[in-house]
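To be precise, the following lines are target-v4.txt, and they hold compact mmCIF, C-alpha atoms and all ligand atoms.
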```
# COMPACT_ATOMS: atom_id res chain seq x y z
CA MET A 7 14.58 -131.41 -211.58
CA ARG A 8 11.89 -129.95 -209.35
CA THR A 9 11.90 -126.17 -209.51
CA ARG A 10 10.16 -125.55 -206.18
CA PRO A 11 13.04 -125.25 -203.71
CA LEU A 12 13.53 -127.16 -200.47
CA LYS A 13 13.53 -124.68 -197.61
CA VAL A 14 16.34 -124.87 -195.12
CA ALA A 15 16.90 -122.84 -191.94
CA LEU A 16 20.15 -122.50 -190.08
CA LEU A 17 20.37 -122.22 -186.29
CA GLY A 18 23.72 -120.62 -185.46
CA CYS A 19 26.18 -118.89 -187.76
CA GLY A 20 29.59 -119.22 -186.14
CA VAL A 21 32.61 -120.86 -187.77
CA VAL A 22 30.67 -123.92 -188.99
CA GLY A 23 27.43 -122.10 -189.83
CA SER A 24 29.25 -119.48 -191.93
CA GLU A 25 31.02 -122.22 -193.84
CA VAL A 26 27.73 -124.09 -194.40
CA THR A 27 26.20 -120.86 -195.75
CA ARG A 28 29.19 -120.25 -198.01
CA ILE A 29 29.01 -123.75 -199.53
CA LEU A 30 25.22 -123.56 -199.89
CA THR A 31 25.66 -120.36 -201.86
CA THR A 32 28.73 -121.17 -203.96
CA GLN A 33 27.83 -124.79 -204.71
CA ALA A 34 24.09 -124.19 -205.15
CA ASP A 35 23.88 -125.64 -208.68
CA ASP A 36 25.81 -128.80 -207.87
CA LEU A 37 23.84 -129.38 -204.68
CA ALA A 38 20.57 -128.88 -206.57
CA ALA A 39 21.66 -131.41 -209.22
CA ARG A 40 22.62 -133.96 -206.57
CA ILE A 41 19.39 -133.50 -204.63
CA GLY A 42 17.00 -133.06 -207.54
CA ALA A 43 15.74 -129.67 -206.34
CA PRO A 44 17.34 -126.38 -205.37
CA ILE A 45 17.88 -125.41 -201.74
CA GLU A 46 16.54 -122.08 -200.51
CA LEU A 47 18.11 -120.73 -197.35
CA ALA A 48 14.99 -119.43 -195.60
CA GLY A 49 16.50 -117.94 -192.43
CA ILE A 50 19.50 -117.93 -190.12
CA ALA A 51 19.01 -117.59 -186.36
CA VAL A 52 21.84 -115.81 -184.57
CA ARG A 53 22.36 -114.12 -181.23
CA ARG A 54 24.25 -111.12 -182.60
CA PRO A 55 22.69 -110.00 -185.90
CA HIS A 56 25.02 -107.02 -186.33
CA LYS A 57 28.23 -109.04 -186.26
CA VAL A 58 29.98 -108.93 -189.65
CA ARG A 59 29.71 -112.30 -191.40
CA GLU A 60 31.26 -112.31 -194.83
CA GLY A 61 29.11 -114.02 -197.47
CA VAL A 62 26.11 -114.39 -195.15
CA PRO A 63 23.00 -112.57 -196.50
CA ALA A 64 22.10 -110.05 -193.75
CA GLU A 65 18.40 -110.10 -194.71
CA LEU A 66 18.16 -113.75 -193.64
CA LEU A 67 19.38 -113.13 -190.09
CA THR A 68 16.96 -113.24 -187.20
CA THR A 69 17.33 -113.40 -183.44
CA ASP A 70 14.03 -115.27 -183.07
CA ALA A 71 15.05 -118.93 -183.48
CA THR A 72 11.71 -120.15 -182.09
CA ALA A 73 9.68 -118.26 -184.70
CA LEU A 74 12.01 -119.54 -187.41
CA VAL A 75 11.53 -123.23 -186.53
CA LYS A 76 7.77 -122.65 -186.17
CA ARG A 77 7.35 -121.30 -189.71
CA GLY A 78 5.79 -124.56 -190.84
CA ASP A 79 7.21 -124.47 -194.38
CA LEU A 80 10.75 -125.63 -193.58
CA ASP A 81 12.03 -128.92 -194.98
CA VAL A 82 15.25 -129.10 -192.98
CA VAL A 83 16.65 -127.24 -189.97
CA VAL A 84 20.44 -127.26 -189.57
CA GLU A 85 21.53 -126.78 -185.97
CA VAL A 86 25.09 -125.62 -185.31
CA ILE A 87 24.58 -123.78 -182.01
CA GLY A 88 25.62 -126.53 -179.59
CA GLY A 89 24.70 -127.17 -175.94
CA ILE A 90 21.56 -128.69 -174.48
CA GLU A 91 19.03 -125.86 -174.13
CA PRO A 92 17.48 -124.01 -175.88
CA VAL A 93 18.63 -126.31 -178.68
CA ARG A 94 16.66 -129.38 -177.53
CA THR A 95 13.44 -127.36 -177.51
CA LEU A 96 14.22 -125.81 -180.90
CA ILE A 97 14.92 -129.20 -182.48
CA THR A 98 11.77 -130.70 -180.98
CA THR A 99 9.75 -127.75 -182.25
CA ALA A 100 11.25 -128.17 -185.72
CA PHE A 101 10.18 -131.84 -185.73
CA GLU A 102 6.67 -130.86 -184.60
CA HIS A 103 6.48 -128.49 -187.55
CA GLY A 104 7.52 -131.14 -190.07
CA ALA A 105 11.21 -130.33 -190.55
CA SER A 106 14.05 -132.84 -190.57
CA VAL A 107 17.05 -131.82 -188.47
CA VAL A 108 20.76 -131.95 -189.18
CA SER A 109 22.81 -131.31 -186.06
CA ALA A 110 26.46 -131.14 -185.08
CA ASN A 111 25.56 -131.30 -181.40
CA LYS A 112 27.42 -134.14 -179.67
CA ALA A 113 26.51 -133.03 -176.16
CA LEU A 114 22.78 -133.12 -176.88
CA LEU A 115 22.90 -136.39 -178.84
CA ALA A 116 24.99 -138.07 -176.15
CA ALA A 117 22.64 -136.87 -173.40
CA ASP A 118 19.26 -137.30 -175.02
CA GLY A 119 19.60 -139.01 -178.40
CA ALA A 120 16.90 -141.58 -177.70
CA SER A 121 14.10 -139.09 -177.07
CA LEU A 122 15.13 -136.95 -180.06
CA HIS A 123 15.11 -140.01 -182.33
CA ALA A 124 11.68 -140.97 -180.97
CA LYS A 125 10.36 -137.49 -181.63
CA ALA A 126 11.74 -137.49 -185.20
CA ALA A 127 10.15 -140.90 -185.87
CA GLU A 128 6.83 -139.70 -184.39
CA HIS A 129 6.76 -136.84 -186.89
CA GLY A 130 8.11 -138.82 -189.86
CA VAL A 131 11.27 -136.76 -190.30
CA ASP A 132 15.04 -137.36 -190.20
CA LEU A 133 17.58 -136.64 -187.49
CA TYR A 134 21.15 -136.72 -188.82
CA TYR A 135 24.34 -135.83 -186.96
CA GLU A 136 27.44 -136.96 -188.87
CA ALA A 137 29.25 -133.77 -187.81
CA ALA A 138 28.79 -134.53 -184.10
CA VAL A 139 31.60 -137.12 -184.12
CA ALA A 140 35.05 -136.61 -185.62
CA GLY A 141 34.29 -133.63 -187.88
CA ALA A 142 34.61 -134.44 -191.56
CA ILE A 143 35.25 -138.16 -191.09
CA PRO A 144 32.33 -140.24 -192.36
CA LEU A 145 31.64 -142.45 -189.36
CA ILE A 146 28.00 -142.31 -188.27
CA ARG A 147 26.66 -143.24 -191.71
CA PRO A 148 29.21 -146.05 -192.29
CA LEU A 149 28.38 -147.52 -188.86
CA ARG A 150 24.62 -147.07 -189.21
CA GLU A 151 24.25 -148.01 -192.88
CA SER A 152 27.35 -149.54 -194.52
CA LEU A 153 27.97 -151.89 -191.57
CA ALA A 154 24.28 -152.56 -190.88
CA GLY A 155 24.72 -156.15 -192.10
CA ASP A 156 27.82 -156.82 -190.00
CA LYS A 157 28.49 -157.23 -186.28
CA VAL A 158 30.76 -154.57 -184.81
CA ASN A 159 32.66 -155.77 -181.75
CA ARG A 160 34.97 -152.88 -181.05
CA VAL A 161 35.42 -149.20 -181.84
CA LEU A 162 38.76 -147.71 -180.82
CA GLY A 163 39.38 -144.12 -181.70
CA ILE A 164 41.17 -140.83 -181.33
CA VAL A 165 38.14 -138.54 -181.42
CA ASN A 166 39.57 -135.38 -179.86
CA GLY A 167 42.06 -133.37 -181.86
CA THR A 168 43.16 -131.07 -179.04
CA THR A 169 44.32 -133.90 -176.80
CA ASN A 170 45.98 -135.70 -179.70
CA PHE A 171 47.89 -132.51 -180.48
CA ILE A 172 49.01 -132.20 -176.83
CA LEU A 173 50.15 -135.83 -176.60
CA ASP A 174 51.86 -135.63 -179.98
CA LYS A 175 53.81 -132.55 -178.82
CA MET A 176 54.78 -134.27 -175.56
CA GLU A 177 56.01 -137.26 -177.52
CA SER A 178 57.91 -135.41 -180.24
CA THR A 179 59.51 -132.70 -178.08
CA GLY A 180 59.69 -134.25 -174.61
CA ALA A 181 57.56 -131.37 -173.30
CA GLY A 182 55.45 -131.70 -170.16
CA TYR A 183 51.65 -131.49 -170.24
CA SER A 184 51.39 -127.77 -169.35
CA GLU A 185 53.92 -126.71 -171.95
CA ALA A 186 52.17 -128.76 -174.65
CA LEU A 187 48.77 -127.36 -173.62
CA ASP A 188 50.17 -123.81 -173.87
CA GLU A 189 51.29 -124.52 -177.42
CA ALA A 190 47.90 -126.03 -178.31
CA THR A 191 46.23 -122.87 -176.93
CA ALA A 192 48.61 -120.53 -178.78
CA LEU A 193 47.91 -122.31 -182.07
CA GLY A 194 44.15 -122.18 -181.51
CA TYR A 195 43.62 -125.94 -181.05
CA ALA A 196 42.75 -125.70 -177.36
CA GLU A 197 40.02 -123.35 -176.17
CA ALA A 198 40.63 -120.73 -173.47
CA ASP A 199 38.90 -123.18 -171.09
CA PRO A 200 40.24 -126.55 -172.28
CA THR A 201 38.30 -128.59 -169.69
CA ALA A 202 35.92 -130.31 -172.12
CA ASP A 203 38.83 -131.58 -174.17
CA VAL A 204 41.53 -132.37 -171.61
CA GLU A 205 39.16 -133.92 -169.07
CA GLY A 206 37.64 -136.12 -171.77
CA PHE A 207 34.03 -134.80 -171.77
CA ASP A 208 34.13 -134.09 -175.52
CA ALA A 209 35.49 -137.56 -176.32
CA ALA A 210 33.05 -139.22 -173.88
CA ALA A 211 30.06 -137.68 -175.69
CA LYS A 212 31.43 -138.98 -179.00
CA ALA A 213 32.09 -142.43 -177.48
CA ALA A 214 28.48 -142.62 -176.25
CA ILE A 215 27.16 -141.82 -179.74
CA LEU A 216 29.50 -144.32 -181.43
CA ALA A 217 28.79 -147.12 -178.94
CA GLY A 218 25.01 -146.75 -179.28
CA ILE A 219 25.14 -146.94 -183.06
CA ALA A 220 27.83 -149.65 -183.27
CA PHE A 221 26.09 -152.01 -180.85
CA HIS A 222 22.45 -151.10 -181.63
CA THR A 223 21.78 -150.12 -178.07
CA ARG A 224 21.46 -146.96 -175.98
CA VAL A 225 24.49 -145.39 -174.41
CA THR A 226 24.55 -141.94 -172.86
CA ILE A 227 27.51 -139.86 -171.76
CA ASP A 228 26.79 -140.86 -168.16
CA ASP A 229 27.52 -144.49 -169.11
CA VAL A 230 31.00 -143.64 -170.36
CA HIS A 231 33.92 -144.05 -167.97
CA ARG A 232 36.09 -140.96 -168.36
CA GLU A 233 39.63 -140.03 -167.33
CA GLY A 234 41.38 -136.90 -168.59
CA LEU A 235 44.98 -136.54 -169.71
CA THR A 236 46.11 -133.89 -167.22
CA GLU A 237 47.99 -136.50 -165.16
CA VAL A 238 50.02 -137.82 -168.10
CA THR A 239 53.69 -137.01 -167.56
CA ALA A 240 56.77 -136.88 -169.75
CA ALA A 241 57.92 -139.94 -167.76
CA ASP A 242 54.80 -141.85 -168.91
CA ILE A 243 55.57 -140.99 -172.51
CA ALA A 244 59.22 -142.01 -172.08
CA SER A 245 58.14 -145.27 -170.45
CA ALA A 246 55.76 -145.96 -173.33
CA LYS A 247 58.61 -145.40 -175.79
CA LYS A 248 60.73 -147.97 -173.95
CA MET A 249 57.95 -150.49 -174.50
CA GLY A 250 57.65 -149.67 -178.21
CA CYS A 251 54.41 -147.79 -177.52
CA THR A 252 53.02 -144.28 -177.64
CA VAL A 253 50.38 -142.63 -175.45
CA LYS A 254 47.05 -141.68 -177.04
CA MET A 255 43.79 -140.41 -175.59
CA LEU A 256 41.42 -143.17 -176.70
CA ALA A 257 37.68 -143.66 -176.85
CA ILE A 258 37.05 -147.40 -176.59
CA CYS A 259 33.66 -149.04 -177.08
CA GLU A 260 33.53 -152.82 -176.76
CA ARG A 261 31.10 -155.66 -176.82
CA SER A 262 31.85 -158.01 -173.89
CA ALA A 263 33.32 -161.45 -174.61
CA ASP A 264 29.98 -163.16 -173.87
CA GLY A 265 28.18 -160.59 -176.06
CA ARG A 266 25.70 -159.72 -173.31
CA SER A 267 26.86 -156.22 -172.50
CA VAL A 268 28.98 -153.36 -173.78
CA THR A 269 31.46 -150.92 -172.27
CA ALA A 270 32.45 -147.41 -173.25
CA ARG A 271 35.40 -145.52 -171.86
CA VAL A 272 37.71 -142.60 -172.55
CA HIS A 273 41.19 -142.38 -171.08
CA PRO A 274 44.87 -142.03 -172.02
CA ALA A 275 46.41 -145.37 -172.93
CA MET A 276 49.57 -146.83 -174.37
CA ILE A 277 49.29 -148.38 -177.81
CA PRO A 278 52.02 -150.15 -179.78
CA LEU A 279 53.80 -148.06 -182.40
CA SER A 280 52.76 -150.72 -184.93
CA HIS A 281 49.06 -149.96 -184.37
CA PRO A 282 47.58 -147.68 -187.09
CA LEU A 283 46.30 -145.24 -184.44
CA ALA A 284 49.87 -144.65 -183.21
CA SER A 285 50.71 -142.77 -186.40
CA VAL A 286 47.86 -140.27 -186.03
CA ARG A 287 49.67 -136.99 -185.47
CA GLU A 288 48.83 -133.41 -184.54
CA ALA A 289 45.10 -132.63 -184.27
CA TYR A 290 43.87 -135.38 -186.59
CA ASN A 291 41.23 -137.91 -185.57
CA ALA A 292 41.04 -141.59 -186.49
CA VAL A 293 38.67 -144.36 -185.58
CA PHE A 294 39.46 -148.06 -185.83
CA VAL A 295 36.41 -150.32 -186.17
CA GLU A 296 36.57 -154.08 -185.74
CA ALA A 297 33.66 -155.96 -187.28
CA GLU A 298 33.15 -159.70 -187.62
CA ALA A 299 32.85 -159.93 -191.40
CA ALA A 300 34.57 -156.71 -192.50
CA GLY A 301 37.57 -157.18 -190.24
CA ARG A 302 39.49 -154.05 -189.26
CA LEU A 303 38.59 -150.70 -190.78
CA MET A 304 40.20 -147.35 -190.13
CA PHE A 305 38.58 -143.94 -190.68
CA TYR A 306 40.99 -141.01 -190.62
CA GLY A 307 40.86 -137.27 -191.19
CA PRO A 308 40.32 -133.80 -189.73
CA GLY A 309 38.07 -134.02 -186.68
CA ALA A 310 37.30 -130.33 -186.25
CA GLY A 311 37.36 -126.94 -187.97
CA GLY A 312 34.80 -124.93 -189.91
CA ALA A 313 35.16 -126.41 -193.39
CA PRO A 314 35.63 -130.08 -192.39
CA THR A 315 32.64 -129.94 -190.04
CA ALA A 316 30.58 -128.15 -192.70
CA SER A 317 31.41 -130.98 -195.11
CA ALA A 318 29.74 -133.47 -192.75
CA VAL A 319 26.78 -131.12 -192.19
CA LEU A 320 26.28 -130.66 -195.94
CA GLY A 321 26.42 -134.42 -196.53
CA ASP A 322 23.61 -134.88 -194.01
CA LEU A 323 21.69 -131.96 -195.50
CA VAL A 324 21.81 -133.49 -198.98
CA ALA A 325 20.60 -136.84 -197.57
CA ALA A 326 17.77 -135.19 -195.61
CA CYS A 327 16.72 -133.14 -198.66
CA ARG A 328 16.71 -136.22 -200.91
CA ASN A 329 14.48 -138.00 -198.39
CA LYS A 330 12.13 -135.01 -198.22
CA LEU A 331 11.85 -135.01 -201.98
CA ALA A 332 11.08 -138.75 -202.01
CA ALA A 333 8.65 -138.30 -199.09
CA THR A 334 10.57 -140.84 -197.07
CA THR A 335 13.03 -140.98 -194.19
CA GLY A 336 16.44 -142.59 -193.80
CA ALA A 337 17.58 -145.11 -191.21
CA GLY A 338 16.57 -143.98 -187.73
CA GLU A 339 17.73 -145.16 -184.34
CA SER A 340 18.44 -148.87 -184.00
CA ALA A 341 18.58 -149.84 -180.32
CA TYR A 342 16.93 -153.23 -180.48
CA THR A 343 19.70 -155.19 -178.71
CA GLN A 344 19.10 -153.26 -175.48
CA LEU A 345 22.53 -154.38 -174.31
CA PRO A 346 23.34 -152.94 -170.88
CA VAL A 347 26.48 -150.91 -170.33
CA SER A 348 28.78 -152.65 -167.85
CA PRO A 349 30.78 -150.74 -165.23
CA MET A 350 34.48 -150.00 -165.73
CA GLY A 351 35.40 -152.76 -163.27
CA ASP A 352 34.31 -155.34 -165.87
CA VAL A 353 36.65 -154.01 -168.56
CA VAL A 354 39.50 -156.42 -169.29
CA THR A 355 42.79 -155.03 -170.59
CA ARG A 356 46.53 -154.79 -169.88
CA TYR A 357 48.13 -152.31 -167.47
CA HIS A 358 51.42 -150.46 -167.11
CA ILE A 359 52.03 -149.59 -163.45
CA SER A 360 54.93 -147.47 -162.28
CA LEU A 361 55.80 -147.81 -158.58
CA ASP A 362 58.32 -146.04 -156.34
CA VAL A 363 59.65 -148.74 -154.04
CA ALA A 364 62.34 -149.31 -151.43
CA ASP A 365 65.31 -150.82 -153.24
CA LYS A 366 66.12 -153.73 -150.93
CA PRO A 367 65.98 -157.51 -150.98
CA GLY A 368 62.55 -159.11 -151.20
CA VAL A 369 60.60 -156.06 -152.39
CA LEU A 370 60.09 -157.34 -155.92
CA ALA A 371 58.84 -160.67 -154.58
CA GLN A 372 56.51 -158.84 -152.20
CA VAL A 373 55.10 -156.73 -155.04
CA ALA A 374 54.73 -159.80 -157.28
CA MET A 375 52.85 -161.58 -154.49
CA VAL A 376 50.25 -158.78 -154.33
CA PHE A 377 49.59 -159.14 -158.07
CA ALA A 378 49.26 -162.93 -157.63
CA GLU A 379 46.85 -162.55 -154.71
CA HIS A 380 44.49 -160.60 -156.98
CA ASP A 381 44.90 -163.03 -159.87
CA VAL A 382 46.62 -160.39 -162.01
CA SER A 383 49.34 -162.00 -164.09
CA ILE A 384 52.59 -160.07 -164.65
CA ASP A 385 54.00 -159.91 -168.17
CA THR A 386 57.19 -157.88 -167.64
CA VAL A 387 58.99 -156.02 -164.83
CA ARG A 388 61.55 -153.27 -165.27
CA GLN A 389 63.53 -151.66 -162.49
CA GLN A 390 65.30 -148.34 -162.59
CA GLY A 391 67.45 -147.23 -159.67
CA LYS A 392 66.65 -143.72 -158.42
CA ASN A 393 69.76 -143.25 -156.28
CA GLN A 394 72.17 -143.64 -159.18
CA GLY A 395 71.57 -140.15 -160.53
CA SER A 396 72.33 -141.26 -164.07
CA GLY A 397 68.89 -142.62 -164.89
CA ASP A 398 70.53 -145.93 -165.79
CA GLU A 399 68.26 -148.85 -166.08
CA VAL A 400 68.51 -152.47 -165.09
CA ALA A 401 66.17 -154.97 -166.67
CA VAL A 402 65.48 -157.72 -164.19
CA GLU A 403 63.92 -161.08 -164.68
CA GLN A 404 60.50 -161.61 -163.21
CA GLY A 405 60.90 -162.72 -159.58
CA ALA A 406 64.49 -161.52 -159.21
CA GLY A 407 65.19 -159.18 -156.28
CA GLY A 408 66.48 -155.60 -156.48
CA ARG A 409 70.01 -155.22 -155.09
CA ARG A 410 70.35 -151.46 -154.58
CA ALA A 411 70.10 -149.49 -151.42
CA GLY A 412 67.70 -146.52 -151.41
CA GLU A 413 64.76 -146.18 -153.74
CA ALA A 414 63.91 -147.59 -157.15
CA SER A 415 61.26 -147.21 -159.76
CA LEU A 416 59.54 -150.46 -160.65
CA VAL A 417 57.53 -150.71 -163.86
CA VAL A 418 55.15 -153.66 -164.05
CA VAL A 419 53.21 -154.55 -167.21
CA THR A 420 50.44 -157.07 -166.72
CA HIS A 421 48.68 -159.56 -168.92
CA ARG A 422 44.96 -158.97 -169.42
CA ALA A 423 43.06 -158.47 -166.17
CA SER A 424 39.82 -156.87 -165.12
CA ASP A 425 39.86 -153.23 -164.08
CA ALA A 426 38.33 -154.28 -160.76
CA ALA A 427 41.18 -156.73 -160.09
CA LEU A 428 43.75 -154.12 -161.06
CA SER A 429 42.18 -151.52 -158.74
CA ALA A 430 42.21 -154.00 -155.87
CA THR A 431 45.86 -154.81 -156.62
CA VAL A 432 46.82 -151.14 -156.57
CA SER A 433 44.96 -150.59 -153.27
CA SER A 434 46.92 -153.45 -151.71
CA LEU A 435 50.21 -152.21 -153.15
CA ARG A 436 49.63 -148.79 -151.59
CA LYS A 437 49.42 -150.50 -148.17
CA LEU A 438 52.90 -152.04 -148.44
CA ASP A 439 55.55 -150.18 -146.40
CA THR A 440 58.04 -150.84 -149.16
CA VAL A 441 55.87 -149.16 -151.81
CA ARG A 442 56.55 -145.44 -151.39
CA GLY A 443 54.10 -144.40 -154.09
CA VAL A 444 52.18 -145.38 -157.22
CA ALA A 445 53.61 -142.99 -159.79
CA SER A 446 51.25 -143.89 -162.63
CA ILE A 447 48.80 -146.46 -163.89
CA MET A 448 48.11 -146.62 -167.60
CA ARG A 449 46.17 -149.10 -169.67
CA VAL A 450 47.83 -150.77 -172.64
CA GLU A 451 45.48 -151.13 -175.61
CA GLY A 452 45.45 -152.14 -179.23
CA GLU A 453 47.41 -155.36 -179.00
N1 LIG B 1 37.30 -129.76 -179.43
C1 LIG B 1 37.21 -130.89 -180.31
C2 LIG B 1 38.59 -131.43 -180.61
C3 LIG B 1 36.53 -130.59 -181.62
O1 LIG B 1 39.59 -130.92 -180.13
O2 LIG B 1 38.66 -132.41 -181.32
C4 LIG B 1 35.06 -130.53 -181.47
O3 LIG B 1 34.53 -131.74 -181.07
```
Take the structure from the file and write it as structure tokens.
Amino acid sequence: MRTRPLKVALLGCGVVGSEVTRILTTQADDLAARIGAPIELAGIAVRRPHKVREGVPAELLTTDATALVKRGDLDVVVEVIGGIEPVRTLITTAFEHGASVVSANKALLAADGASLHAKAAEHGVDLYYEAAVAGAIPLIRPLRESLAGDKVNRVLGIVNGTTNFILDKMESTGAGYSEALDEATALGYAEADPTADVEGFDAAAKAAILAGIAFHTRVTIDDVHREGLTEVTAADIASAKKMGCTVKMLAICERSADGRSVTARVHPAMIPLSHPLASVREAYNAVFVEAEAAGRLMFYGPGAGGAPTASAVLGDLVAACRNKLAATTGAGESAYTQLPVSPMGDVVTRYHISLDVADKPGVLAQVAMVFAEHDVSIDTVRQQGKNQGSGDEVAVEQGAGGRRAGEASLVVVTHRASDAALSATVSSLRKLDTVRGVASIMRVEGE
């Protein structure tokens, strides 16, 4: 083993950074044996140096992150600060001074991954970011390296633990969205400002990273269609149950049928209870990958938290250190396909549409006609009378007319149709006098 240590600096020492420091210290001998040289923690950049951090050597703390990354003798810089700036500048500076970078920064990678990869390649160093997507779950390296000889056609995942916790609570207790969010906040899953999670920004950044790697192209967060889960109601969850489905917040990245483009989207969707993702409970993450030769693979585990995220960071750190020792670099960006990202209108899937309609003869036929006019084929129709008070339900055959006076709820599930055709259908439905409202539209995935 080489006795001269590899020098590592840490940018940020919050929950993840502290855990990285703890493991670096307590597992130093094992890490050295696995790498072939010891690691020396050369400095830790923090904003508040006087904050008490158990197990973190105070003499290593500095508030001058720029000076730290400019030292010139660092082998690897670990970035666990998050956000776009000043982190982008710090990472770029680290590259310019010969250091590889391990980052957990999904927002930065999803916004500007291409230029960071180019900069790393220019300086002959690594850029690794396993921790940016789904915490401890090995996903980036399997997609980039283990599946490098295969053709991935689809990535379907639960990549946000907070929203999975909320939907799981709604499903298991019958709670509404706000009540479930309150519980997620009380238990520390949801942040004080839950916007990034519940509006899908966090999952969209992860989807962009996954899509780019899976399809060897470039996808940024701006390419990802995003819908949050704030509109999901207890009625949606109950309706999903009636169909043998559950509602999950999904990140879906797909290669188009003709293979000439890709799509990436994040939204709540119904999936059958028989799908492996349906059984992902609480705040866990899971990603389902469909590849031509490998078939269907599922990656499952904790998607957040200090120790799980530190596990992914440490894995990258070991890889970057091994490469430094061998004076080489690992696999960099692969974006050779240059496949464009198609708009949401081109996505083809199934839909569950819940309508409030006048309950009188001919309405069902009228509604069915609108679907036909837009070439959207109906799979099933379910009607539930609203004026009965008992919530009783009448299953009607496709094309049969409602017989009740007053109002009814009509649930239509379609066969596969384009999102553009579905949107046009819904616009036309809204114009019918007999359609009093479109209560919800939800995609049905995973079939
Ligand atoms: N807030 C994220 C989640 C974890 O709830 O999964 C960090 O990406």
Please tabulate, as a tab-separated table, the residues of chain A that come within 7 Å of ligand LIG 1 (chain B), each with its closest pair of atoms and the distance in Å to one decimal, counting only C-alpha atoms and all ligand atoms and ordering rows by chain, then residue number upward.
```
residue	atom	partner	partner_atom	distance
A:Val139	CA	B:LIG1	O3	6.8
A:Ala140	CA	B:LIG1	O3	6.7
A:Val165	CA	B:LIG1	O2	6.2
A:Asn166	CA	B:LIG1	O2	3.4
A:Gly167	CA	B:LIG1	O2	3.6
A:Thr168	CA	B:LIG1	O1	3.7
A:Thr169	CA	B:LIG1	O1	6.5
A:Tyr195	CA	B:LIG1	O1	6.5
A:Ala196	CA	B:LIG1	O1	6.7
A:Asp203	CA	B:LIG1	N1	5.8
A:Asp208	CA	B:LIG1	O3	6.0
A:Gly309	CA	B:LIG1	O2	5.6
A:Ala310	CA	B:LIG1	C3	4.7
```
| task | Tell me which of A:Lys330, A:His56, A:Gly163, A:Glu185 sits closest to A:Val293, counting all atoms listed in the file. | result |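 Distance minimum relative to A:Val293 lands on A:Gly163.
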| field | All residues 10 Å or closer to stretch 218-223 of chain A, only C-alpha atoms, same chain fewer than 2 positions away omitted, as a PyMOL selection string | value | chain A and resi 116+119-120+146-151+153-154+156-161+213-216+225-226+259-261+267-268+270+295+297+339-347
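Neighbouring residues of A:Pro200 at 12 Å or closer, counting all atoms listed in the file and skipping chain neighbours under 6 positions away, are A:Asn166, A:Gly167, A:Thr168, A:Thr169, A:Ile172, A:Ser184, A:Leu187, A:Asp188, A:Ala190, A:Thr191, A:Gly194, A:Gly206, A:Phe207, A:Asp208, A:Gly234, A:Leu235, A:Thr236.
Atom pair atom CA of A:Glu451 / atom CA of A:Glu296 has a distance of 13.8 Å (rounded to one decimal).
Among A:Glu102, A:Glu60, A:Asp36, A:Asp79, the residue with the shortest atom-to-atom distance to A:Gly130, counting only C-alpha atoms, is A:Glu102.
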| request: Please identify all polymer residues lying at most 7 Å from the point (56.0, -144.7, -153.8) (file coordinates), using all atoms listed in the file, and present the result as a ChimeraX atom specification. | output: /A:361-363,441-445
| Residues near A:Asp439, cut-off 12 Å, all atoms listed in the file, skip fewer than 6 positions along chain, as a ChimeraX atom specification | /A:362-365,369,372-373
| query | For the atom pair atom CA of A:Ala15 and atom CA of A:Lys125, what is the interatomic distance in Å to one decimal place? | reply |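 The value is 19.1 Å.
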Box in all listed atoms of stretch 74-81 of chain A, axis-aligned, with 8 Å more on each side; write out centre and edge lengths in Å to one decimal as JSON.
```
{"center_x": 8.9, "center_y": -124.2, "center_z": -190.6, "size_x": 22.2, "size_y": 25.4, "size_z": 24.8}
```
| field | Shell of 9 Å around A:Val353, all atoms listed in the file, local chain residues under 6 positions omitted, as an MDAnalysis selection string | value | chainID A and resid 260 262 269 423:426
| field | Exercise: A:Val417 partners within 7 Å, only C-alpha atoms, chain neighbours under 6 positions left out, as a VMD selection string | value | chain A and resid 358 to 361 387 to 389
| query | Please, what distance in Å, to one decimal, runs between atom CA of A:Arg266 and atom CA of A:Gly301? | reply | 20.8 Å
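Compared by their closest atoms to A:Leu173, and using all atoms listed in the file, the residues A:Asp70, A:Asp228, A:Glu298, A:Glu237 rank with A:Glu237 nearest.
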| Distance criterion (only C-alpha atoms): nearest to A:Ala241 out of A:Thr99, A:Thr9, A:Ser178, A:Ser446 |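 For A:Ala241, the nearest of the given residues is A:Ser446.
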Which protein, DNA or RNA residues are at most 7 Å from (42.4, -153.7, -175.4) in the file's coordinates when you count all atoms listed in the file, listed as a compact mmCIF listing (two decimals) with C-alpha atoms, keeping the file's coordinate frame?
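Below is the file that was written, part-v1.txt:
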```
# COMPACT_ATOMS: atom_id res chain seq x y z
CA THR A 355 42.79 -155.03 -170.59
CA ARG A 356 46.53 -154.79 -169.88
CA VAL A 450 47.83 -150.77 -172.64
CA GLU A 451 45.48 -151.13 -175.61
CA GLY A 452 45.45 -152.14 -179.23
CA GLU A 453 47.41 -155.36 -179.00
```
| task | Compare A:Gly180, A:Gly312, A:Pro55, A:Gly351 by their minimum atom-to-atom distance to A:Ser24, counting only C-alpha atoms, and give me the closest one. | result |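 Ranked by minimum distance to A:Ser24, first place goes to A:Gly312.
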